[in-house]
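Novice: To start, I am sharing the structure in question, which I have written as structure tokens.
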Amino acid sequence: MDDLTISLKRKICFQDTAGVKDGAGKILPLTRMPNGRLFPPFGEEYVNNIKTIKLRPDDVFVCGYPKTGCHWTWEIMQMIIKGKAEHSDIGKMQNMLELAAPEVIEASPSPRILNTHAWFEELPEEVKKFRSKIVFTTRNPKDVAVSHYNHHVRMKNIYCGYDGQFKDWMQLWINGTIEYGSFLEFHCKWDAAIQENPDHPILVLSYEEMKNVGNIGLLDLEGTVRQIAKFLEVDLTEAQVQEITGASQFDSMKDKFKGTPCELLIRKGQVGDWKNWFTVALSEEVDKWKPELDKTRFTFRYV
């Protein structure tokens with residue numbers, strides 16, 4: 001077994017049950033659930049944990065499509081809750097519902113910061129009962145695609161086993177034949193869920209605002225720390241805010257996780273890198289989603 005499988009106390013290694021291939025015939029290992037939904041190759045047994053995990057009244061969640069800043073946000077949240085500018089040991093993987101063994105999640109001290117890339121309707125049954133607070137992350141879909149592709153390639157020797165070309169992989173991503181499905185459908189589903197559950201506490205964060213791209217003045221990393229702390233009802237001193245903001249900088253996180261499994265999850269942390277990867281035709285293909293995405297409550301900054 002690999003180190004990640006052992007550290008998360010998984011009973012099985014990662015395996016492909018979907019048989020998805022890119023345009024060049026390269027296999028992208030995935031788990032296909034009985035209802036047709038695609039997840040990473042974590043196994044049906046572990047994906048089922050999303051719905052059945054036993055919650056606690058003080059659990060909070062980080063949710064969002066893959067590579068929208070979930071790990072970054074999770075690290076910020078755990079520092080806020082501890083009141084200390086200290087990174088975690090192995091990152092959000094230890095509390096990822098569809099990845100870690102239930103006993104690992106159960107052993108995590110309260111308040112737990114649980115995370116998943118699932119739809120709202122796929123979350124644990126008790127989420128509504130406890131009105132569990134959810135921080136939802138969003139990001140420019142084009143940057144998401146580039147980061148998602150590199151995630152698969154970088155995780156090749158851990159669980160993905162994928163080494164295809166970007167142009168071939170992108171057709172899977174656009175068609176939604178990928179873990180957690182289509183970017184467009186994912187956000188439409190979450191938008192509908194928020195509308196149907198107006199009293200559920202959900203904070204939406206934009207990756208670009210967290211980076212304060214173009215000095216848009218709406219938010220920045222320090223403002224994000226303050227906003228999350230207020231949402232979680234955690235009182236921080238001014239010194240704590242500044243220290244956590246500093247520790248939340250991309251370079252600080254990258255240095256911390258060097259040599260650990262989390263290092264592969266942290267690449268560039270940039271905005272606009274899609275311009276180095278996308279052709280004009282590919283950009284126009286993703287732009288076709290814009291009218292539908294603009295109908296949602298989420299703000300996507302195509303920068």
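Letters A, B, ... go to the chains of the structure tokens in the order shown; residues in each chain start at 1; ligands are counted from 1 in the same order.
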Show which residues sit within 8 Å of Trp119 (chain A), as a list of chain:residue names. Count only C-alpha atoms, and ignore same-chain residues fewer than 2 positions away.
Specialist: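 The neighbour list is A:His117, A:Glu121, A:Glu122, A:Leu123, A:Phe186, A:Lys189, A:Trp190.
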Novice: Check region 109-245 of chain A with DSSP on the backbone and list each residue it calls strand (DSSP E), as a list in words.
Specialist: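 Strand (DSSP E) members of region 109-245 of chain A, listed: Ile113, Leu114, Asn115, Thr116, Lys133, Ile134, Val135, Phe136, Thr137, Thr138, Ile202, Leu203, Val204, Leu205 and Ser206 of chain A.
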Novice: Please produce an output containing C-alpha atoms for each residue in the selection, written as a CSV table (one decimal), in the first residue's frame.
Specialist:
```
chain,number,residue,atom,x,y,z
A,113,ILE,CA,-13.7,20.9,9.5
A,114,LEU,CA,-15.1,18.3,7.1
A,115,ASN,CA,-14.8,18.6,3.4
A,116,THR,CA,-16.1,17.0,0.2
A,133,LYS,CA,-22.1,25.8,8.4
A,134,ILE,CA,-20.7,25.5,4.9
A,135,VAL,CA,-18.0,27.5,3.2
A,136,PHE,CA,-18.4,27.1,-0.6
A,137,THR,CA,-15.5,28.0,-2.9
A,138,THR,CA,-15.7,29.2,-6.5
A,202,ILE,CA,-23.6,29.0,3.5
A,203,LEU,CA,-20.7,31.4,2.9
A,204,VAL,CA,-19.6,31.7,-0.8
A,205,LEU,CA,-15.9,32.6,-1.4
A,206,SER,CA,-14.4,33.7,-4.7
```
Novice: Identify, on the basis of only C-alpha atoms, every residue whose closest approach to region 140-145 of chain A does not exceed 8 Å; exclude the query and any residue fewer than 2 positions from it along the same chain; express the result as JSON, numbers by chain.
Specialist: {"A": [66, 67, 68, 138, 147, 148, 149, 170, 173, 183, 207, 208, 271, 272, 273, 274, 283, 286, 300, 301, 302, 303]}
Novice: Could you tell me how far CA of Val47 (chain A) sits from CA of Glu103 (chain A), in Å to one decimal place?
Specialist: 14.7 Å
Novice: Mind pulling up the distance from CA of Asp199 (chain A) to CA of Glu98 (chain A)?
Specialist: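 A separation of 26.3 Å between them.
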Novice: Between A:Ser132, A:Thr299, A:Thr31, A:Gln195, which residue has the minimum interatomic distance to Glu209 (chain A), considering only C-alpha atoms?
Specialist: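 Nearest to Glu209 (chain A): A:Thr299.
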Novice: I need the residue nearest Gly246 (chain A) from this list: A:Arg10, A:Arg37, A:His87, A:His187. Use only C-alpha atoms for the distance.
Specialist: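 Comparing A:Arg10, A:Arg37, A:His87, A:His187 against Gly246 (chain A), the winner is A:His87.
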Novice: Please return, as a ChimeraX atom specification, all residues of region 17-219 of chain A that DSSP assigns to helix (DSSP H, G or I) on the basis of the backbone.
Specialist: /A:44-47,49-52,70-82,91-95,102-107,120-122,126-130,141-154,156-160,166-175,183-196,207-210,213-215
Novice: For Ile174 (chain A), which of A:Lys288, A:Arg139, A:Lys54, A:Arg112 is the closest residue, counting only C-alpha atoms?
Specialist: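 Looking at the shortest contact to Ile174 (chain A), the residue is A:Lys288.
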Novice: For Lys92 (chain A), work out the shell of residues within 9 Å, counting only C-alpha atoms and skipping chain neighbours fewer than 3 positions away, then give it as number ranges by chain.
Specialist: A: 70-71, 74-75, 88, 95-96, 113-115, 262
